[in-house]
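Scroll down for the structure; my scribbles are underneath it.
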Amino acid sequence: MTPVQPAGALTPEEARHLQENLREPVRPGLSEAELDAVERRFGFRFAADHRTFLSAGVPIGDRWPDWRCGNPDQLRKRLAWPVDGVLYDVEHNGFWLPDWGTRPVGPEDAVREARRRLADVPQLVPVCGHRYLPGLPDTTGYPVLSVYQTDIIVYGSDLRDYLHREFATGGISTAPPDGPRYIPFWSRFID
């Protein structure tokens with residue numbers, strides 16, 4: 001697969017500048033070896049812009065995942081949050097996608113089938129709070145999503161736009177004229 005690198009990938013200098021607007025302190029950035037170790041340990045990949053952001057500095061505070069010193073169980077829970085939210089809606093709110101076929105009658109069977117279907121969707125990686133960026137390696141320009149069960153909205157057309165909107169005063173939107181990039185599975189909730 002050829003890496004997707006739209007114009008305007010986040011630079012280390014820009015990431016440091018954006019981190020100056022955060023409300024929380026920022027620790028020194030993660031090295032490439034540390035980023036690789038996090039990916040191996042937790043079984044996902046950071047998008048290129050997310051790697052650039054975290055190599056420039058690691059924000060600390062309750063809302064930010066601490067990939068260097070954080071509690072591994074809490075980090076796993078944050079990584080599981082998006083899929084767990086969909087499964088919650090399957091079990092408790094009758095959520096079911098038509099392309100999944102006929103919904104199993106029992107809630108346990110429905111959750112089991114939904115879990116099987118969700119095993120191959122792109123991993124969403126926490127950025128801050130319940131804001132997530134798809135962990136599609138070697139890519140840039142995917143939207144940051146606010147995820148709460150199947151209530152999913154775009155909070156920024158990309159990481160740069162999200163950081164401007166959430167933390168900078170008077171940030172300039174970098175929203176593409178044709179809308180945010182499509183994320184397999186997850187974009188169906190924001191169409």
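Following the order of the structure tokens, chains are lettered A, B, ..., residues in each are numbered from 1, and ligands are numbered from 1.
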
(message) If DSSP is run on the backbone, what residues of chain A are helix (DSSP H, G or I)? A reply as a ChimeraX atom specification would be ideal.
(response) /A:12-19,32-42,48-56,72-93,98-100,107-118,159-167,186-189

Give me the residues near stretch 38-51 of chain A as a PDB file with N, CA and C atoms, in the first residue's frame, where near means some atom within 10 Å (using only C-alpha atoms) and where sequence neighbours in that chain fewer than 4 positions away do not count.
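For reference, part-v7.pdb as written:
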ATOM      1  N   PRO A   3       1.818   4.920   0.951  1.00  0.00           N
ATOM      2  CA  PRO A   3       1.415   5.856   1.987  1.00  0.00           C
ATOM      3  C   PRO A   3       0.711   7.070   1.386  1.00  0.00           C
ATOM      4  N   VAL A   4      -0.342   7.519   2.041  1.00  0.00           N
ATOM      5  CA  VAL A   4      -1.080   8.698   1.608  1.00  0.00           C
ATOM      6  C   VAL A   4      -0.498   9.894   2.340  1.00  0.00           C
ATOM      7  N   GLN A   5       0.031  10.855   1.616  1.00  0.00           N
ATOM      8  CA  GLN A   5       0.624  12.036   2.213  1.00  0.00           C
ATOM      9  C   GLN A   5       0.040  13.286   1.560  1.00  0.00           C
ATOM     10  N   ALA A   9       1.129  18.003   5.586  1.00  0.00           N
ATOM     11  CA  ALA A   9       1.356  17.127   6.739  1.00  0.00           C
ATOM     12  C   ALA A   9       1.909  17.970   7.882  1.00  0.00           C
ATOM     13  N   LEU A  10       1.538  17.621   9.088  1.00  0.00           N
ATOM     14  CA  LEU A  10       1.973  18.335  10.276  1.00  0.00           C
ATOM     15  C   LEU A  10       3.490  18.229  10.410  1.00  0.00           C
ATOM     16  N   THR A  11       4.141  19.359  10.621  1.00  0.00           N
ATOM     17  CA  THR A  11       5.594  19.371  10.814  1.00  0.00           C
ATOM     18  C   THR A  11       5.906  19.396  12.309  1.00  0.00           C
ATOM     19  N   PRO A  12       7.113  18.971  12.701  1.00  0.00           N
ATOM     20  CA  PRO A  12       7.485  19.035  14.119  1.00  0.00           C
ATOM     21  C   PRO A  12       7.415  20.466  14.682  1.00  0.00           C
ATOM     22  N   ALA A  15       3.790  21.304  15.226  1.00  0.00           N
ATOM     23  CA  ALA A  15       3.274  20.552  16.373  1.00  0.00           C
ATOM     24  C   ALA A  15       3.695  21.235  17.672  1.00  0.00           C
ATOM     25  N   GLY A  29       8.976  15.102  23.982  1.00  0.00           N
ATOM     26  CA  GLY A  29       8.358  14.178  23.034  1.00  0.00           C
ATOM     27  C   GLY A  29       8.891  12.764  23.113  1.00  0.00           C
ATOM     28  N   LEU A  30       8.113  11.858  22.534  1.00  0.00           N
ATOM     29  CA  LEU A  30       8.511  10.453  22.460  1.00  0.00           C
ATOM     30  C   LEU A  30       9.488  10.265  21.300  1.00  0.00           C
ATOM     31  N   SER A  31      10.495   9.456  21.511  1.00  0.00           N
ATOM     32  CA  SER A  31      11.436   9.124  20.439  1.00  0.00           C
ATOM     33  C   SER A  31      10.762   8.141  19.478  1.00  0.00           C
ATOM     34  N   GLU A  32      11.363   7.961  18.331  1.00  0.00           N
ATOM     35  CA  GLU A  32      10.843   6.966  17.379  1.00  0.00           C
ATOM     36  C   GLU A  32      10.810   5.581  18.012  1.00  0.00           C
ATOM     37  N   ALA A  33      11.850   5.251  18.787  1.00  0.00           N
ATOM     38  CA  ALA A  33      11.892   3.946  19.452  1.00  0.00           C
ATOM     39  C   ALA A  33      10.753   3.817  20.466  1.00  0.00           C
ATOM     40  N   GLU A  34      10.467   4.901  21.202  1.00  0.00           N
ATOM     41  CA  GLU A  34       9.357   4.865  22.164  1.00  0.00           C
ATOM     42  C   GLU A  34       8.015   4.726  21.449  1.00  0.00           C
ATOM     43  N   SER A  55       5.957  13.202  18.998  1.00  0.00           N
ATOM     44  CA  SER A  55       7.412  13.329  19.030  1.00  0.00           C
ATOM     45  C   SER A  55       7.827  14.756  19.386  1.00  0.00           C
ATOM     46  N   ALA A  56       6.935  15.726  19.144  1.00  0.00           N
ATOM     47  CA  ALA A  56       7.221  17.116  19.516  1.00  0.00           C
ATOM     48  C   ALA A  56       7.025  17.337  21.009  1.00  0.00           C
ATOM     49  N   TRP A  67       1.331   8.052  26.922  1.00  0.00           N
ATOM     50  CA  TRP A  67       1.895   6.871  26.271  1.00  0.00           C
ATOM     51  C   TRP A  67       3.239   6.483  26.859  1.00  0.00           C
ATOM     52  N   ARG A  68       3.872   7.359  27.606  1.00  0.00           N
ATOM     53  CA  ARG A  68       5.169   7.039  28.191  1.00  0.00           C
ATOM     54  C   ARG A  68       5.016   6.417  29.583  1.00  0.00           C
ATOM     55  N   PRO A  72      -1.115   1.002  31.884  1.00  0.00           N
ATOM     56  CA  PRO A  72      -1.405   0.208  30.689  1.00  0.00           C
ATOM     57  C   PRO A  72      -2.860  -0.247  30.592  1.00  0.00           C
ATOM     58  N   LEU A  75      -4.875   2.727  29.410  1.00  0.00           N
ATOM     59  CA  LEU A  75      -4.621   2.979  27.993  1.00  0.00           C
ATOM     60  C   LEU A  75      -5.358   1.964  27.123  1.00  0.00           C
ATOM     61  N   ARG A  76      -5.369   0.700  27.538  1.00  0.00           N
ATOM     62  CA  ARG A  76      -6.115  -0.326  26.790  1.00  0.00           C
ATOM     63  C   ARG A  76      -7.611  -0.019  26.775  1.00  0.00           C
ATOM     64  N   LEU A  79      -8.229   2.702  24.295  1.00  0.00           N
ATOM     65  CA  LEU A  79      -8.155   2.162  22.932  1.00  0.00           C
ATOM     66  C   LEU A  79      -9.407   1.356  22.588  1.00  0.00           C
ATOM     67  N   PRO A 122     -10.790  -0.007  11.237  1.00  0.00           N
ATOM     68  CA  PRO A 122      -9.592   0.726  11.652  1.00  0.00           C
ATOM     69  C   PRO A 122      -9.623   1.070  13.141  1.00  0.00           C
ATOM     70  N   GLN A 123      -8.499   0.882  13.791  1.00  0.00           N
ATOM     71  CA  GLN A 123      -8.353   1.226  15.208  1.00  0.00           C
ATOM     72  C   GLN A 123      -8.435   2.741  15.347  1.00  0.00           C
ATOM     73  N   LEU A 124      -9.251   3.202  16.282  1.00  0.00           N
ATOM     74  CA  LEU A 124      -9.241   4.619  16.631  1.00  0.00           C
ATOM     75  C   LEU A 124      -8.337   4.787  17.841  1.00  0.00           C
ATOM     76  N   VAL A 125      -7.468   5.785  17.774  1.00  0.00           N
ATOM     77  CA  VAL A 125      -6.448   6.007  18.796  1.00  0.00           C
ATOM     78  C   VAL A 125      -6.762   7.310  19.530  1.00  0.00           C
ATOM     79  N   PRO A 126      -6.812   7.263  20.863  1.00  0.00           N
ATOM     80  CA  PRO A 126      -7.171   8.472  21.607  1.00  0.00           C
ATOM     81  C   PRO A 126      -6.141   9.587  21.438  1.00  0.00           C
ATOM     82  N   VAL A 127      -6.674  10.793  21.229  1.00  0.00           N
ATOM     83  CA  VAL A 127      -5.846  11.996  21.169  1.00  0.00           C
ATOM     84  C   VAL A 127      -5.993  12.759  22.481  1.00  0.00           C
ATOM     85  N   LEU A 133      -8.300   9.713  16.616  1.00  0.00           N
ATOM     86  CA  LEU A 133      -7.750   9.777  15.270  1.00  0.00           C
ATOM     87  C   LEU A 133      -7.553   8.349  14.787  1.00  0.00           C
ATOM     88  N   PRO A 134      -7.932   8.043  13.546  1.00  0.00           N
ATOM     89  CA  PRO A 134      -7.720   6.664  13.091  1.00  0.00           C
ATOM     90  C   PRO A 134      -6.233   6.331  13.040  1.00  0.00           C
ATOM     91  N   GLY A 135      -5.920   5.150  13.530  1.00  0.00           N
ATOM     92  CA  GLY A 135      -4.540   4.671  13.529  1.00  0.00           C
ATOM     93  C   GLY A 135      -4.212   4.015  12.211  1.00  0.00           C
ATOM     94  N   LEU A 136      -4.176   4.812  11.176  1.00  0.00           N
ATOM     95  CA  LEU A 136      -3.833   4.323   9.838  1.00  0.00           C
ATOM     96  C   LEU A 136      -2.398   4.755   9.578  1.00  0.00           C
ATOM     97  N   PRO A 137      -1.443   3.828   9.669  1.00  0.00           N
ATOM     98  CA  PRO A 137      -0.024   4.189   9.613  1.00  0.00           C
ATOM     99  C   PRO A 137       0.358   4.854   8.296  1.00  0.00           C
ATOM    100  N   ASP A 138       1.337   5.740   8.401  1.00  0.00           N
ATOM    101  CA  ASP A 138       1.898   6.427   7.240  1.00  0.00           C
ATOM    102  C   ASP A 138       0.869   7.266   6.495  1.00  0.00           C
ATOM    103  N   THR A 139      -0.170   7.730   7.218  1.00  0.00           N
ATOM    104  CA  THR A 139      -1.183   8.579   6.587  1.00  0.00           C
ATOM    105  C   THR A 139      -1.306   9.879   7.370  1.00  0.00           C
ATOM    106  N   THR A 140      -1.800  10.891   6.682  1.00  0.00           N
ATOM    107  CA  THR A 140      -2.099  12.177   7.298  1.00  0.00           C
ATOM    108  C   THR A 140      -3.450  12.636   6.773  1.00  0.00           C
ATOM    109  N   GLY A 141      -4.003  13.616   7.443  1.00  0.00           N
ATOM    110  CA  GLY A 141      -5.198  14.266   6.922  1.00  0.00           C
ATOM    111  C   GLY A 141      -6.522  13.592   7.224  1.00  0.00           C
ATOM    112  N   TYR A 142      -6.555  12.646   8.148  1.00  0.00           N
ATOM    113  CA  TYR A 142      -7.830  12.048   8.541  1.00  0.00           C
ATOM    114  C   TYR A 142      -8.463  12.883   9.645  1.00  0.00           C
ATOM    115  N   ASP A 158      -8.657  17.372  10.460  1.00  0.00           N
ATOM    116  CA  ASP A 158      -7.409  16.637  10.651  1.00  0.00           C
ATOM    117  C   ASP A 158      -6.878  17.034  12.029  1.00  0.00           C
ATOM    118  N   LEU A 159      -5.741  16.514  12.422  1.00  0.00           N
ATOM    119  CA  LEU A 159      -5.213  16.794  13.748  1.00  0.00           C
ATOM    120  C   LEU A 159      -4.937  18.282  13.936  1.00  0.00           C
ATOM    121  N   ARG A 160      -4.372  18.926  12.950  1.00  0.00           N
ATOM    122  CA  ARG A 160      -4.074  20.360  13.016  1.00  0.00           C
ATOM    123  C   ARG A 160      -5.361  21.156  13.246  1.00  0.00           C
TER     124      ARG A 160
END

(message) Which residue is closest to A:Ile60? Choose from A:Pro82, A:Pro98, A:Ala37, A:Arg23 and count only C-alpha atoms.
(response) A:Arg23

(request) Going by DSSP on the backbone, which bits of chain A are strand (DSSP E)? Write them as a ChimeraX atom specification, please. (result) /A:26-27,58-59,124-128,131-134,144-148,151-156

(request) Tell me which protein, DNA and RNA residues are within 9 Å of A:His92, counting only C-alpha atoms, leaving out same-chain ones fewer than 4 positions away, and put them as a VMD selection string. (result) chain A and resid 87 to 88 107

With N, CA, C and O atoms retained, export the selected residues as an mmCIF file, in the first residue's frame.
data_model
loop_
_atom_site.group_PDB
_atom_site.id
_atom_site.type_symbol
_atom_site.label_atom_id
_atom_site.label_comp_id
_atom_site.auth_asym_id
_atom_site.auth_seq_id
_atom_site.Cartn_x
_atom_site.Cartn_y
_atom_site.Cartn_z
ATOM 1 N N LEU A 87 -20.559 -1.762 20.689
ATOM 2 C CA LEU A 87 -21.106 -2.993 21.268
ATOM 3 C C LEU A 87 -22.150 -2.696 22.341
ATOM 4 O O LEU A 87 -23.145 -3.417 22.462
ATOM 5 N N TYR A 88 -21.953 -1.648 23.108
ATOM 6 C CA TYR A 88 -22.949 -1.250 24.101
ATOM 7 C C TYR A 88 -24.274 -0.926 23.406
ATOM 8 O O TYR A 88 -25.345 -1.357 23.850
ATOM 9 N N PRO A 107 -29.340 -10.898 22.765
ATOM 10 C CA PRO A 107 -28.348 -9.819 22.839
ATOM 11 C C PRO A 107 -26.909 -10.331 22.901
ATOM 12 O O PRO A 107 -26.016 -9.717 22.323
#
